[in-house]
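A.B. asks: Following this message is one structure expressed as structure tokens.
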Amino acid sequence: MLDLRPSNLEGNDIIGDAYEYLISRFASDAGKKAGEFYTPSEVSTLLAKLVEPKDGERICDPTCGSGSLLLKAAKEVGSKNVSLYGQEVNGSTWALARMNMFLHEMDNARIEWGDTINNPQLREQDNLMKFDVVVANPPFSLDKWGAEEATADRYNRFHRGVPPKSKGDYAFITHMIETLNEHGRAGVVLPHGVLFRGSSEGKIRKQLIEENLLKAVIGLPSNLFFGTGIPATILIFDKNKSTDEVLFIDASNEFESGKNQNKLSEENIIKILDTFQSWETKDKYSYVAKKKEIIENDYNLNIPRYVDTFEEEEPVDIVATQKEIAELKKELATVENQMADYLKELGY
């Protein structure tokens, strides 16, 4: 059984954890705006474990919000021998992230303020920094993300193609992959549309699969995130894959219902992680697909194409049903006759 408790960092994190708790409580009351700065704790835990951060690695979140996802990844390492990097476009949220790092005694974390796509701040000399692990929960299908300037991108991030002007999902995916080192892993939370939309997104998706970068596709339940009820998916990328297979997991029905919001339980998270680590097909839950199968599906990653969750209905006994209908008709006729007698007695 996997232990979901994060490894303890050195020092006292009580104040930092209290601050994180206050951020989460504020997020739960902030409605739609909360999605801009906070990823639910259970989703952060799951994503951090899926990318398997290790001692001494560089970890980055290019859309870090208040920094909760970065801190979850750091805690998975079990020591403070990690380097944390983040960038956040909103100034107030950037300040939250800086304070969050300080209170968790990660004051060496480098958190930059700015637009990751149009003005990436995490650079070494004149090149983008490279990381061992990149995690993100970027804004879903961001419009006006800067497509007009993408073709002239000085870092050549969009060599696979430019995402559509009205949907920036693949802009964030592309940025994350381009900032991975030769053995880097990335995990990103996105809407399901990235799995099947065509046009330029379809071309980018095809190229990513041809380069054998995609490792896993995990479908999450609806209503997990602040500000949106739509179901999301986690995509895991790996620059150092040992196989051309892709694991599909349909965890869309695995959740605890809440009053205003659903959540992943410890059992739900363990099931996903066990399946990911064992890398196996499980009936109506997961499927290990060969690259050939994905190509045959025209690079469409829609999870139901790979994980069959259809439940057959019990066969209908026609003879028994006809007999039941006949009995009901007899009972109805008896009741109608009784009603007629009562009405007659009443003078109607």
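Ordering of the structure tokens sets the chain letters (A, B, ...), residue numbers begin anew at 1 in every chain, and ligands are numbered from 1 in the order given.
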As a PyMOL selection string, please: the residues near segment 206-210 of chain A (cut-off 8 Å, only C-alpha atoms, same-chain neighbours under 2 positions excluded).

C.D. replies: chain A and resi 160+202-204+212-214+291+299

A.B. asks: Skip Ile59 of chain A itself and residues of its chain fewer than 5 positions away, then list as number ranges by chain all residues within 6 Å of it, counting only C-alpha atoms.

C.D. replies: A: 84, 133-134

A.B. asks: Give me, please, the distance in Å between atom CA of Gly114 of chain A and atom CA of Trp94 of chain A, quoted to one decimal.

C.D. replies: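 Computed distance, atom CA of Gly114 of chain A to atom CA of Trp94 of chain A, equals 9.0 Å.
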
A.B. asks: Can you list, as a list of chain:residue names, every protein, DNA or RNA residue that comes within 8 Å of segment 274-285 of chain A when you count only C-alpha atoms, leaving out same-chain residues fewer than 6 positions away?

C.D. replies: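 Near segment 274-285 of chain A, the qualifying residues are A:Leu2, A:Leu50, A:Leu247, A:Ile249, A:Asp250, A:Ala251, A:Val307, A:Asp308, A:Thr309, A:Phe310.
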
A.B. asks: Include C-alpha atoms and write out the residues we just selected as an mmCIF file, in the first residue's frame.

C.D. replies:
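Printed below is part17.cif as written:
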data_model
loop_
_atom_site.group_PDB
_atom_site.id
_atom_site.type_symbol
_atom_site.label_atom_id
_atom_site.label_comp_id
_atom_site.auth_asym_id
_atom_site.auth_seq_id
_atom_site.Cartn_x
_atom_site.Cartn_y
_atom_site.Cartn_z
ATOM 1 C CA LEU A 2 1.378 3.404 -0.952
ATOM 2 C CA LEU A 50 3.373 10.887 -10.880
ATOM 3 C CA LEU A 247 -0.888 4.288 -20.443
ATOM 4 C CA ILE A 249 -6.367 5.604 -17.055
ATOM 5 C CA ASP A 250 -10.050 6.462 -16.714
ATOM 6 C CA ALA A 251 -10.465 7.679 -13.140
ATOM 7 C CA VAL A 307 -10.543 2.211 -22.014
ATOM 8 C CA ASP A 308 -13.907 0.524 -22.493
ATOM 9 C CA THR A 309 -16.114 1.446 -19.536
ATOM 10 C CA PHE A 310 -19.368 0.262 -21.112
#

A.B. asks: I'd like the neighbourhood of Leu46 of chain A as a short mmCIF file (atom, residue, chain, number, x, y, z; two decimals) with C-alpha atoms, in the first residue's frame, where a residue qualifies if any of its atoms comes within 10 Å (using only C-alpha atoms), though same-chain residues fewer than 2 positions away should be ignored.

C.D. replies:
data_model
loop_
_atom_site.label_atom_id
_atom_site.label_comp_id
_atom_site.auth_asym_id
_atom_site.auth_seq_id
_atom_site.Cartn_x
_atom_site.Cartn_y
_atom_site.Cartn_z
CA LEU A 4 0.33 9.28 0.68
CA SER A 41 -4.29 19.63 -2.57
CA GLU A 42 -5.27 16.12 -3.64
CA VAL A 43 -4.61 16.88 -7.33
CA SER A 44 -1.25 18.45 -6.44
CA ALA A 48 3.71 15.43 -7.71
CA LYS A 49 3.88 11.67 -7.20
CA LEU A 50 3.37 10.89 -10.88
CA VAL A 51 6.46 12.86 -11.96
CA LEU A 69 2.06 22.42 -6.51
CA LYS A 72 4.05 19.30 -3.01
CA ALA A 73 6.71 18.23 -5.52
CA ILE A 234 -3.39 14.82 -16.51
CA LEU A 264 -10.00 12.65 -4.79
CA GLU A 266 -6.68 8.66 -0.59
CA ASN A 268 -8.68 7.08 -5.42
CA ILE A 269 -5.12 8.45 -5.55
CA ILE A 270 -3.56 5.14 -4.51
CA ILE A 272 -4.18 5.69 -9.91
CA LEU A 273 -0.60 5.51 -8.63
#

A.B. asks: What is the atom CA of Pro40 of chain A-atom CA of Ser68 of chain A distance in Å, reported with one decimal?

C.D. replies: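 Atom CA of Ser68 of chain A lies 8.7 Å from atom CA of Pro40 of chain A.
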
A.B. asks: Among segment 64-222 of chain A, which residues carry a DSSP assignment of alpha helix (DSSP H), reported as a PyMOL selection string?

C.D. replies: chain A and resi 68-77+91-103+147-150+169-178+199-210

A.B. asks: Skip Ser92 of chain A itself and residues of its chain fewer than 5 positions away, then list as a ChimeraX atom specification all residues within 10 Å of it, counting only C-alpha atoms.

C.D. replies: /A:37,65-66,97,113

A.B. asks: Please indicate the distance in Å from atom CA of Gln121 of chain A to atom CA of Gly184 of chain A, rounded to one decimal place.

C.D. replies: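 The value is 19.6 Å.
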